[in-house]
file upload.cif (mmCIF, C-alpha atoms)
data_upload
#
loop_
_atom_site.label_atom_id
_atom_site.label_comp_id
_atom_site.auth_asym_id
_atom_site.auth_seq_id
_atom_site.Cartn_x
_atom_site.Cartn_y
_atom_site.Cartn_z
CA MET X 1 -8.94 -8.29 -36.42
CA ARG X 2 -8.19 -4.66 -35.64
CA ALA X 3 -11.78 -3.78 -36.45
CA VAL X 4 -13.03 -6.42 -34.04
CA ALA X 5 -10.75 -5.14 -31.28
CA LEU X 6 -11.84 -1.56 -31.92
CA ALA X 7 -15.49 -2.55 -31.93
CA LEU X 8 -14.97 -4.48 -28.70
CA CYS X 9 -13.39 -1.50 -26.97
CA ALA X 10 -16.07 0.88 -28.22
CA THR X 11 -18.82 -1.49 -27.19
CA ALA X 12 -17.33 -2.05 -23.75
CA ALA X 13 -17.02 1.71 -23.28
CA VAL X 14 -20.68 2.13 -24.13
CA ALA X 15 -21.80 -0.90 -22.17
CA CYS X 16 -20.30 -0.05 -18.76
CA THR X 17 -22.01 3.29 -18.83
CA LYS X 18 -22.74 3.54 -15.12
CA THR X 19 -25.79 5.52 -16.16
CA ARG X 20 -28.16 3.81 -13.78
CA TYR X 21 -29.41 5.80 -10.82
CA THR X 22 -30.27 3.45 -7.97
CA SER X 23 -32.60 4.94 -5.41
CA THR X 24 -32.49 3.97 -1.74
CA VAL X 25 -36.29 3.81 -1.56
CA ASN X 26 -37.44 0.46 -0.13
CA ALA X 27 -33.80 -0.45 0.47
CA PRO X 28 -34.31 -3.01 3.27
CA GLY X 29 -34.36 -6.61 2.14
CA ASN X 30 -36.85 -9.38 2.83
CA ALA X 31 -36.34 -10.99 6.21
CA THR X 32 -38.16 -13.54 8.30
CA LEU X 33 -38.30 -12.64 11.96
CA ALA X 34 -37.20 -16.05 13.14
CA PRO X 35 -34.21 -16.89 15.31
CA PRO X 36 -31.07 -17.74 13.36
CA PRO X 37 -30.65 -21.44 12.52
CA PHE X 38 -27.95 -21.66 15.15
CA GLU X 39 -26.82 -19.32 17.89
CA ASN X 40 -23.32 -19.21 19.30
CA GLY X 41 -23.12 -15.73 20.73
CA ASP X 42 -20.75 -14.58 18.00
CA PRO X 43 -21.30 -10.82 17.50
CA ALA X 44 -20.58 -11.25 13.77
CA LEU X 45 -23.40 -13.75 13.23
CA TYR X 46 -26.07 -12.17 11.04
CA VAL X 47 -28.73 -13.61 8.77
CA PRO X 48 -28.65 -11.50 5.60
CA PRO X 49 -32.01 -10.60 4.08
CA SER X 50 -33.10 -11.92 0.72
CA ASP X 51 -33.49 -9.94 -2.49
CA PRO X 52 -36.96 -8.42 -2.89
CA GLY X 53 -36.32 -7.55 -6.56
CA GLU X 54 -36.63 -4.14 -8.09
CA ARG X 55 -38.57 -1.78 -10.32
CA GLU X 56 -36.94 0.12 -13.11
CA LEU X 57 -37.76 3.01 -15.38
CA TYR X 58 -35.60 2.67 -18.45
CA LEU X 59 -34.81 5.91 -20.29
CA GLY X 60 -32.82 5.66 -23.49
CA PRO X 61 -32.05 8.96 -25.17
CA GLY X 62 -30.40 8.62 -28.54
CA VAL X 63 -29.80 9.85 -32.04
CA VAL X 64 -30.90 8.25 -35.25
CA VAL X 65 -29.57 9.00 -38.70
CA GLY X 66 -29.99 7.47 -42.11
CA PRO X 67 -30.49 7.98 -45.83
CA GLY X 68 -33.90 7.51 -47.35
CA ILE X 69 -36.34 8.14 -50.13
CA GLY X 70 -39.92 9.18 -50.50
CA ARG X 71 -40.27 12.51 -48.78
CA ARG X 72 -40.01 14.61 -51.91
CA GLU X 73 -40.48 13.74 -55.55
CA LEU X 74 -37.38 15.33 -57.02
CA GLY X 75 -37.18 13.39 -60.22
CA HIS X 76 -34.55 10.73 -60.73
CA ASP X 77 -32.64 11.57 -57.54
CA ASP X 78 -34.96 12.06 -54.60
CA THR X 79 -32.73 10.66 -51.86
CA ALA X 80 -32.69 12.42 -48.55
CA VAL X 81 -30.92 12.20 -45.20
CA GLU X 82 -32.73 12.36 -41.89
CA LEU X 83 -31.23 13.15 -38.51
CA GLY X 84 -33.36 12.67 -35.43
CA VAL X 85 -33.36 12.32 -31.69
CA PHE X 86 -35.45 9.95 -29.65
CA LEU X 87 -36.20 8.84 -26.14
CA ARG X 88 -37.19 5.27 -25.34
CA VAL X 89 -39.09 4.72 -22.13
CA ALA X 90 -39.84 1.35 -20.56
CA TYR X 91 -41.06 0.29 -17.13
CA GLN X 92 -40.23 -3.09 -15.77
CA GLU X 93 -40.14 -5.14 -12.62
CA ARG X 94 -37.41 -7.62 -11.96
CA ALA X 95 -37.42 -10.57 -9.58
CA SER X 96 -33.79 -10.00 -8.71
CA SER X 97 -31.87 -6.79 -8.31
CA HIS X 98 -29.22 -5.70 -10.79
CA ARG X 99 -25.52 -5.65 -10.04
CA ARG X 100 -23.78 -2.32 -9.69
CA ASP X 101 -22.33 -2.07 -13.18
CA ASP X 102 -24.99 -3.94 -15.13
CA LEU X 103 -25.95 -2.31 -18.39
CA PRO X 104 -29.46 -0.84 -18.23
CA MET X 105 -31.51 -2.69 -20.82
CA PRO X 106 -35.19 -3.49 -21.19
CA LYS X 107 -35.65 -7.16 -20.48
CA LEU X 108 -36.37 -9.74 -23.15
CA GLY X 109 -39.72 -9.09 -24.79
CA ALA X 110 -40.18 -5.77 -22.99
CA TRP X 111 -42.56 -3.12 -24.28
CA ALA X 112 -41.26 0.41 -24.68
CA LEU X 113 -42.47 3.78 -25.84
CA ASN X 114 -40.32 5.57 -28.39
CA LEU X 115 -40.79 9.33 -28.72
CA GLY X 116 -38.79 11.05 -31.40
CA TRP X 117 -38.28 14.09 -33.55
CA ALA X 118 -36.17 14.58 -36.64
CA PRO X 119 -35.08 18.23 -36.57
CA LEU X 120 -33.27 17.82 -39.88
CA GLN X 121 -34.31 16.21 -43.12
CA TYR X 122 -32.23 17.11 -46.12
CA ALA X 123 -33.11 16.38 -49.72
CA ASN X 124 -32.52 19.38 -51.93
CA ARG X 125 -32.82 21.67 -48.93
CA ALA X 126 -32.89 21.43 -45.16
CA GLU X 127 -36.31 21.10 -43.59
CA LEU X 128 -37.97 19.71 -40.53
CA GLY X 129 -38.63 16.00 -40.28
CA PRO X 130 -41.55 14.40 -38.45
CA VAL X 131 -42.25 13.79 -34.81
CA HIS X 132 -43.18 10.22 -33.97
CA LEU X 133 -44.57 8.05 -31.25
CA GLU X 134 -43.99 4.31 -31.48
CA VAL X 135 -44.80 1.36 -29.30
CA GLU X 136 -41.83 -0.96 -29.37
CA ARG X 137 -41.07 -4.49 -28.40
CA GLN X 138 -37.48 -5.41 -27.66
CA TRP X 139 -35.45 -8.61 -27.66
CA LEU X 140 -31.87 -7.73 -26.68
CA VAL X 141 -30.62 -5.51 -29.52
CA ALA X 142 -33.57 -6.23 -31.81
CA THR X 143 -36.62 -3.97 -31.73
CA VAL X 144 -39.87 -3.77 -33.62
CA GLY X 145 -41.82 -0.53 -33.39
CA LEU X 146 -45.14 0.66 -34.74
CA GLY X 147 -46.75 4.05 -34.31
CA ALA X 148 -47.63 7.38 -35.81
CA ALA X 149 -45.58 10.18 -37.40
CA VAL X 150 -46.53 13.77 -38.20
CA TYR X 151 -44.67 16.46 -40.12
CA THR X 152 -45.24 19.48 -37.91
CA ASP X 153 -44.65 22.01 -40.70
CA ASP X 154 -47.44 20.86 -43.00
CA GLY X 155 -49.46 18.50 -40.81
CA ASN X 156 -48.81 15.52 -43.06
CA ALA X 157 -49.53 12.51 -40.83
CA GLY X 158 -49.18 8.79 -41.23
CA ILE X 159 -48.06 5.54 -39.71
CA GLN X 160 -44.48 4.53 -39.01
CA ALA X 161 -42.78 1.22 -38.39
CA THR X 162 -39.15 0.66 -37.39
CA LEU X 163 -37.26 -2.60 -37.50
CA ALA X 164 -33.83 -2.60 -35.91
CA ALA X 165 -30.95 -4.82 -34.93
CA LYS X 166 -29.15 -2.07 -33.15
CA PRO X 167 -27.33 -0.02 -34.10
CA TYR X 168 -28.74 -0.76 -37.55
CA GLY X 169 -32.35 -0.22 -38.48
CA VAL X 170 -34.80 0.68 -41.17
CA ARG X 171 -37.83 2.91 -40.84
CA PHE X 172 -40.95 2.79 -43.01
CA ARG X 173 -43.63 5.47 -43.18
CA TYR X 174 -46.86 5.80 -45.04
CA MET X 175 -47.88 9.45 -44.97
CA ALA X 176 -51.40 10.52 -45.90
CA GLU X 177 -50.34 13.16 -48.43
CA THR X 178 -47.03 11.92 -49.80
CA GLY X 179 -47.21 8.15 -49.57
CA PHE X 180 -44.35 5.78 -48.73
CA GLU X 181 -41.01 6.74 -47.21
CA VAL X 182 -38.14 4.47 -46.33
CA PHE X 183 -35.19 5.64 -44.24
CA GLY X 184 -32.19 3.92 -42.80
CA ALA X 185 -32.15 4.26 -39.04
CA PHE X 186 -28.66 3.97 -37.62
CA GLN X 187 -29.24 4.41 -33.89
CA LEU X 188 -26.92 5.37 -31.07
CA GLU X 189 -28.51 5.19 -27.66
CA LEU X 190 -27.33 5.95 -24.14
CA PRO X 191 -28.89 3.30 -21.91
CA THR X 192 -30.03 4.95 -18.70
CA ALA X 193 -32.30 3.81 -15.91
CA ILE X 194 -33.75 4.79 -12.59
CA THR X 195 -34.08 1.82 -10.30
CA TRP X 196 -35.70 1.33 -6.94
CA SER X 197 -36.33 -1.71 -4.82
CA ARG X 198 -39.62 -3.55 -4.62
CA MET F 6 -24.63 -9.86 -35.98
CA ARG F 7 -21.12 -9.37 -34.66
CA THR F 8 -22.19 -6.07 -33.11
CA ALA F 9 -25.04 -7.79 -31.33
CA TRP F 10 -22.70 -10.39 -29.87
CA LEU F 11 -20.22 -7.72 -28.84
CA LEU F 12 -22.97 -5.74 -27.15
CA LEU F 13 -24.09 -8.83 -25.31
CA PHE F 14 -20.54 -9.65 -24.31
CA ALA F 15 -19.97 -6.13 -23.03
CA ALA F 16 -23.27 -6.07 -21.19
CA THR F 17 -22.46 -9.24 -19.33
CA ALA F 18 -18.86 -8.22 -18.74
CA CYS F 19 -19.79 -5.28 -16.51
CA GLY F 20 -21.58 -6.81 -13.54
CA GLY F 21 -19.79 -5.77 -10.39
CA PRO F 22 -20.87 -6.25 -6.79
CA MET F 23 -24.35 -7.20 -5.70
CA ARG F 24 -26.77 -4.95 -3.90
CA ALA F 25 -26.32 -4.49 -0.15
CA TYR F 26 -29.10 -3.97 2.37
CA PRO F 27 -29.34 -1.58 5.30
CA ARG F 28 -29.59 -3.09 8.75
CA TRP F 29 -30.13 -2.01 12.29
CA THR F 30 -26.88 -1.75 14.20
CA LEU F 31 -26.45 -1.37 17.94
CA ASP F 32 -24.39 1.63 18.97
CA GLY F 33 -22.11 1.91 21.95
CA ASP F 34 -21.92 -0.67 24.68
CA THR F 35 -24.07 -3.70 24.03
CA HIS F 36 -23.07 -5.34 27.31
CA PHE F 37 -25.17 -5.20 30.44
CA ALA F 38 -24.22 -6.35 33.92
CA HIS F 39 -26.43 -6.28 36.95
CA GLY F 40 -26.40 -8.49 40.03
CA CYS F 41 -26.04 -12.11 39.06
CA LEU F 42 -26.47 -11.39 35.36
CA ASP F 43 -24.28 -10.45 32.41
CA ALA F 44 -26.03 -9.88 29.12
CA ASP F 45 -25.09 -9.07 25.53
CA ALA F 46 -27.35 -8.08 22.66
CA PHE F 47 -26.89 -8.78 18.95
CA VAL F 48 -28.95 -7.84 15.92
CA ARG F 49 -29.39 -11.05 13.96
CA VAL F 50 -32.06 -10.16 11.40
CA SER F 51 -33.06 -6.84 9.86
CA GLY F 52 -35.41 -6.37 6.96
CA LYS F 53 -38.62 -4.88 5.64
CA THR F 54 -40.81 -6.51 8.28
CA GLY F 55 -38.77 -5.70 11.35
CA VAL F 56 -35.67 -6.51 13.29
CA GLY F 57 -34.69 -9.52 15.37
CA VAL F 58 -32.38 -9.34 18.35
CA THR F 59 -30.72 -12.13 20.30
CA VAL F 60 -29.90 -11.49 23.94
CA ALA F 61 -27.29 -13.72 25.55
CA LEU F 62 -27.92 -14.06 29.27
CA ARG F 63 -25.08 -15.36 31.46
CA SER F 64 -25.48 -16.01 35.14
CA HIS F 65 -22.69 -16.01 37.74
CA ALA F 66 -24.90 -18.00 40.08
CA THR F 67 -28.44 -19.28 39.93
CA CYS F 68 -30.35 -16.28 38.70
CA ALA F 69 -34.05 -15.65 38.20
CA VAL F 70 -34.36 -13.31 35.23
CA ARG F 71 -37.45 -12.11 33.45
CA ILE F 72 -37.62 -9.74 30.52
CA THR F 73 -40.71 -7.74 31.42
CA ARG F 74 -40.62 -5.33 28.49
CA ALA F 75 -38.70 -5.09 25.23
CA GLU F 76 -39.32 -2.19 22.88
CA LEU F 77 -37.71 -0.58 19.91
CA ILE F 78 -38.36 3.15 20.05
CA VAL F 79 -37.97 5.07 16.80
CA ASP F 80 -39.08 8.68 17.12
CA ALA F 81 -42.75 8.46 18.12
CA LEU F 82 -43.01 4.78 17.19
CA ARG F 83 -42.79 2.20 19.96
CA VAL F 84 -42.46 -1.38 18.75
CA PRO F 85 -42.89 -4.03 21.44
CA ALA F 86 -41.32 -7.43 21.03
CA GLU F 87 -43.03 -10.58 22.06
CA VAL F 88 -41.51 -11.27 25.46
CA PRO F 89 -40.26 -14.86 25.83
CA PRO F 90 -40.84 -17.01 28.90
CA PRO F 91 -38.22 -16.55 31.63
CA PRO F 92 -35.11 -18.59 30.85
CA ALA F 93 -33.75 -21.00 33.42
CA LEU F 94 -30.30 -19.92 34.57
CA PRO F 95 -29.09 -22.42 37.17
CA GLY F 96 -25.58 -21.84 38.50
CA ARG F 97 -23.18 -20.47 35.89
CA SER F 98 -25.17 -20.91 32.74
CA LEU F 99 -25.94 -19.34 29.41
CA ALA F 100 -29.25 -18.84 27.63
CA TYR F 101 -30.14 -17.12 24.39
CA VAL F 102 -33.39 -15.18 24.17
CA TRP F 103 -34.94 -14.21 20.87
CA LEU F 104 -36.72 -10.84 20.59
CA PRO F 105 -38.57 -10.18 17.30
CA PHE F 106 -39.59 -6.55 16.80
CA ALA F 107 -42.19 -6.77 14.04
CA PHE F 108 -43.11 -3.50 12.34
CA ASP F 109 -43.05 -1.79 8.96
CA ASN F 110 -39.33 -1.20 8.91
CA ASN F 111 -39.50 -0.46 5.18
CA ALA F 112 -41.86 2.47 5.76
CA ALA F 113 -39.73 3.68 8.66
CA TRP F 114 -36.70 3.60 6.35
CA ASN F 115 -38.55 5.49 3.60
CA ASP F 116 -39.79 8.07 6.11
CA ASP F 117 -36.23 8.58 7.32
CA HIS F 118 -36.91 7.20 10.79
CA ARG F 119 -33.54 5.52 11.01
CA ALA F 120 -32.33 6.07 14.55
CA GLY F 121 -33.78 4.92 17.81
CA ARG F 122 -33.10 2.76 20.83
CA PHE F 123 -33.90 -0.65 22.18
CA GLU F 124 -35.24 -0.65 25.72
CA LEU F 125 -35.21 -3.89 27.67
CA GLU F 126 -36.65 -4.07 31.13
CA LEU F 127 -35.20 -6.90 33.18
CA ALA F 128 -36.40 -8.14 36.53
CA ILE F 129 -33.53 -9.92 38.29
CA GLY F 130 -34.46 -11.82 41.39
CA ASP F 131 -36.87 -9.94 43.61
CA ALA F 132 -35.37 -6.53 42.82
CA ALA F 133 -37.25 -3.87 40.95
CA PRO F 134 -36.89 -4.12 37.14
CA VAL F 135 -33.96 -2.27 35.62
CA THR F 136 -33.98 -0.76 32.16
CA TRP F 137 -31.22 -1.53 29.67
CA THR F 138 -31.11 1.03 26.87
CA ILE F 139 -29.15 0.41 23.69
CA PRO F 140 -29.01 3.17 21.06
CA ALA F 141 -29.29 1.88 17.50
CA HIS F 142 -29.44 3.11 13.96
CA HIS F 143 -30.58 1.76 10.59
CA ALA F 144 -28.07 2.23 7.79
CA PHE F 145 -25.94 0.57 5.15
CA VAL F 146 -23.01 -0.94 7.02
CA ALA F 147 -20.41 -0.97 4.26
CA GLY F 148 -21.91 1.03 1.46
CA ARG F 149 -24.63 0.44 -1.09
CA TRP F 150 -22.87 -2.49 -2.75
CA ASP F 151 -21.75 -5.72 -1.26
CA GLU F 152 -18.06 -5.57 -2.10
CA PRO F 153 -16.60 -8.97 -1.19
CA THR F 154 -13.68 -7.34 0.63
CA ALA F 155 -15.97 -5.05 2.62
CA ARG F 156 -18.36 -7.77 3.80
CA PRO F 157 -18.90 -7.09 7.50
CA TYR F 158 -20.14 -10.56 8.35
#
call {"tool": "encode", "arguments": {"input": "upload.cif", "output": "structure tokens"}}
result
Amino acid sequence: MRAVALALCATAAVACTKTRYTSTVNAPGNATLAPPPFENGDPALYVPPSDPGERELYLGPGVVVGPGIGRRELGHDDTAVELGVFLRVAYQERASSHRRDDLPMPKLGAWALNLGWAPLQYANRAELGPVHLEVERQWLVATVGLGAAVYTDDGNAGIQATLAAKPYGVRFRYMAETGFEVFGAFQLELPTAITWSR
Amino acid sequence: MRTAWLLLFAATACGGPMRAYPRWTLDGDTHFAHGCLDADAFVRVSGKTGVGVTVALRSHATCAVRITRAELIVDALRVPAEVPPPPALPGRSLAYVWLPFAFDNNAAWNDDHRAGRFELELAIGDAAPVTWTIPAHHAFVAGRWDEPTARPY
């Protein structure tokens, strides 16, 4: 029970991030230039405009960490740990505008671009991990990503796929020179967005 | 799975107030009195495609009033409104006149053209037309978010 309460507090703290920048571009609402339905001379009478919707650039910087195997053949124990950073970018249009404290989140089925770099990969020694570029599809906390990865130190390139139910995830790679890699991908992301009206 | 539900719960728990919209507001005295006529102006509609103003015309006695010109002037932009037919004001009576100023208010907002004036030219009886000028500005009235307690209307 304590764990649930703790998780709830932590999640709420992350969720109400207030990390959405709302621009005032296109701020006026949609209005029809017709006389009000009734007129009584009341100075307070005003026909509010309707919501024109909004456009949003989602930016999700984060860290990803997890144990894995496959980078080095070290005999019976070739496990490694990888620590990386990433940025998820998604553009979307919404029919209705968000509320002030809404959590920035790509909408259901949204496409996103995930750019990342693992500055640390540790097996028997510390070394650089790969850079990657993935195209992702997202359904709430679940994401599926597919793209390319390259180790910048030796040019070893391959394909990469990531399956996640955030914060948990698993990352698969097939590298041209070293074959398969599998890494856990525990992800912590700061949901951020820039929003402007349609 | 529990984390996913907690995330969802937290995401929906934030919310807060809805978006507010800027609107044109008349500054200073919105009342006009001349001869047999008293008039008041109110902004009723303000949005991307323009602004709509109601003018309440009250006569003390039978009064022949014509609005000969109605313009919103924002910097170099002059937006004429479609002038309505002259209202009938027999005796002590009241008529409401609708003045739609149609223009690209969204572009004006984006270009920071957010202050101007309404100019109404009224011909009362046989006298020469008089000009009624009402300064106005385009802004959020009570902040960017529509706090229920701050709702101005």
call {"tool": "closest_residue", "arguments": {"input": "upload.cif", "among": "X:Ala80, X:Ala165, X:Ile69, X:Val150", "to": "chain F", "atoms": "all atoms listed in the file"}}
result
X:Ala165
call {"tool": "resolve_selection", "arguments": {"input": "upload.cif", "expression": "the PyMOL selection byres ((chain X) within 10 of (chain F))", "output": "VMD selection string"}}
result
chain X and resid 4 7 to 18 22 24 to 36 39 to 52 96 to 105 140 to 142 165 to 168
call {"tool": "resolve_selection", "arguments": {"input": "upload.cif", "expression": "the PyMOL selection byres ((chain X and resi 143-149) around 7)", "output": "PDB file with C-alpha atoms, keeping the file's coordinate frame"}}
result
ATOM      1  CA  PRO X 130     -41.550  14.400 -38.450  1.00  0.00           C
ATOM      2  CA  VAL X 131     -42.250  13.790 -34.810  1.00  0.00           C
ATOM      3  CA  HIS X 132     -43.180  10.220 -33.970  1.00  0.00           C
ATOM      4  CA  LEU X 133     -44.570   8.050 -31.250  1.00  0.00           C
ATOM      5  CA  GLU X 134     -43.990   4.310 -31.480  1.00  0.00           C
ATOM      6  CA  VAL X 135     -44.800   1.360 -29.300  1.00  0.00           C
ATOM      7  CA  GLU X 136     -41.830  -0.960 -29.370  1.00  0.00           C
ATOM      8  CA  ARG X 137     -41.070  -4.490 -28.400  1.00  0.00           C
ATOM      9  CA  GLN X 138     -37.480  -5.410 -27.660  1.00  0.00           C
ATOM     10  CA  TRP X 139     -35.450  -8.610 -27.660  1.00  0.00           C
ATOM     11  CA  VAL X 141     -30.620  -5.510 -29.520  1.00  0.00           C
ATOM     12  CA  ALA X 142     -33.570  -6.230 -31.810  1.00  0.00           C
ATOM     13  CA  VAL X 150     -46.530  13.770 -38.200  1.00  0.00           C
ATOM     14  CA  TYR X 151     -44.670  16.460 -40.120  1.00  0.00           C
ATOM     15  CA  ALA X 157     -49.530  12.510 -40.830  1.00  0.00           C
ATOM     16  CA  GLY X 158     -49.180   8.790 -41.230  1.00  0.00           C
ATOM     17  CA  ILE X 159     -48.060   5.540 -39.710  1.00  0.00           C
ATOM     18  CA  GLN X 160     -44.480   4.530 -39.010  1.00  0.00           C
ATOM     19  CA  ALA X 161     -42.780   1.220 -38.390  1.00  0.00           C
ATOM     20  CA  THR X 162     -39.150   0.660 -37.390  1.00  0.00           C
ATOM     21  CA  LEU X 163     -37.260  -2.600 -37.500  1.00  0.00           C
ATOM     22  CA  ALA X 164     -33.830  -2.600 -35.910  1.00  0.00           C
ATOM     23  CA  ALA X 165     -30.950  -4.820 -34.930  1.00  0.00           C
TER      24      ALA X 165
END
call {"tool": "resolve_selection", "arguments": {"input": "upload.cif", "expression": "the PyMOL selection byres ((chain X and resi 172) around 8)", "output": "list in words"}}
result
Gln160, Ala161, Thr162, Val170, Arg171, Arg173, Tyr174, Phe180, Glu181, Val182 and Phe183 of chain X
call {"tool": "closest_residue", "arguments": {"input": "upload.cif", "among": "F:His36, F:Arg83, F:His65, F:Arg74", "to": "Glu126 of chain F", "atoms": "only C-alpha atoms"}}
result
F:Arg74
call {"tool": "atom_distance", "arguments": {"input": "upload.cif", "atom1": "atom CA of Leu108 of chain X", "atom2": "atom CA of Glu152 of chain F"}}
result
28.2 Å
call {"tool": "atom_distance", "arguments": {"input": "upload.cif", "atom1": "atom CA of Ile72 of chain F", "atom2": "atom CA of Ser98 of chain F"}}
result
16.9 Å
call {"tool": "closest_residue", "arguments": {"input": "upload.cif", "among": "F:Gly96, F:Gly40, F:Gly148, F:Pro89", "to": "Gly130 of chain F", "atoms": "all atoms listed in the file"}}
result
F:Gly40
call {"tool": "atom_distance", "arguments": {"input": "upload.cif", "atom1": "atom CA of Thr67 of chain F", "atom2": "atom CA of Cys41 of chain F"}}
result
7.6 Å
call {"tool": "residues_near_point", "arguments": {"input": "upload.cif", "point": "(-28.0, 8.4, -22.4)", "cutoff": "8 Å", "atoms": "all atoms listed in the file", "output": "PDB file with C-alpha atoms, in the coordinates of the input"}}
result
ATOM      1  CA  THR X  19     -25.790   5.520 -16.160  1.00  0.00           C
ATOM      2  CA  LEU X  59     -34.810   5.910 -20.290  1.00  0.00           C
ATOM      3  CA  GLY X  60     -32.820   5.660 -23.490  1.00  0.00           C
ATOM      4  CA  PRO X  61     -32.050   8.960 -25.170  1.00  0.00           C
ATOM      5  CA  GLY X  62     -30.400   8.620 -28.540  1.00  0.00           C
ATOM      6  CA  GLU X 189     -28.510   5.190 -27.660  1.00  0.00           C
ATOM      7  CA  LEU X 190     -27.330   5.950 -24.140  1.00  0.00           C
ATOM      8  CA  PRO X 191     -28.890   3.300 -21.910  1.00  0.00           C
ATOM      9  CA  THR X 192     -30.030   4.950 -18.700  1.00  0.00           C
TER      10      THR X 192
END
call {"tool": "residues_near_point", "arguments": {"input": "upload.cif", "point": "(-36.9, 6.3, -24.0)", "cutoff": "7 Å", "atoms": "all atoms listed in the file", "output": "list in words"}}
result
Tyr58, Leu59, Gly60, Pro61, Phe86, Leu87, Arg88, Val89, Ala90, Leu113, Asn114 and Leu115 of chain X
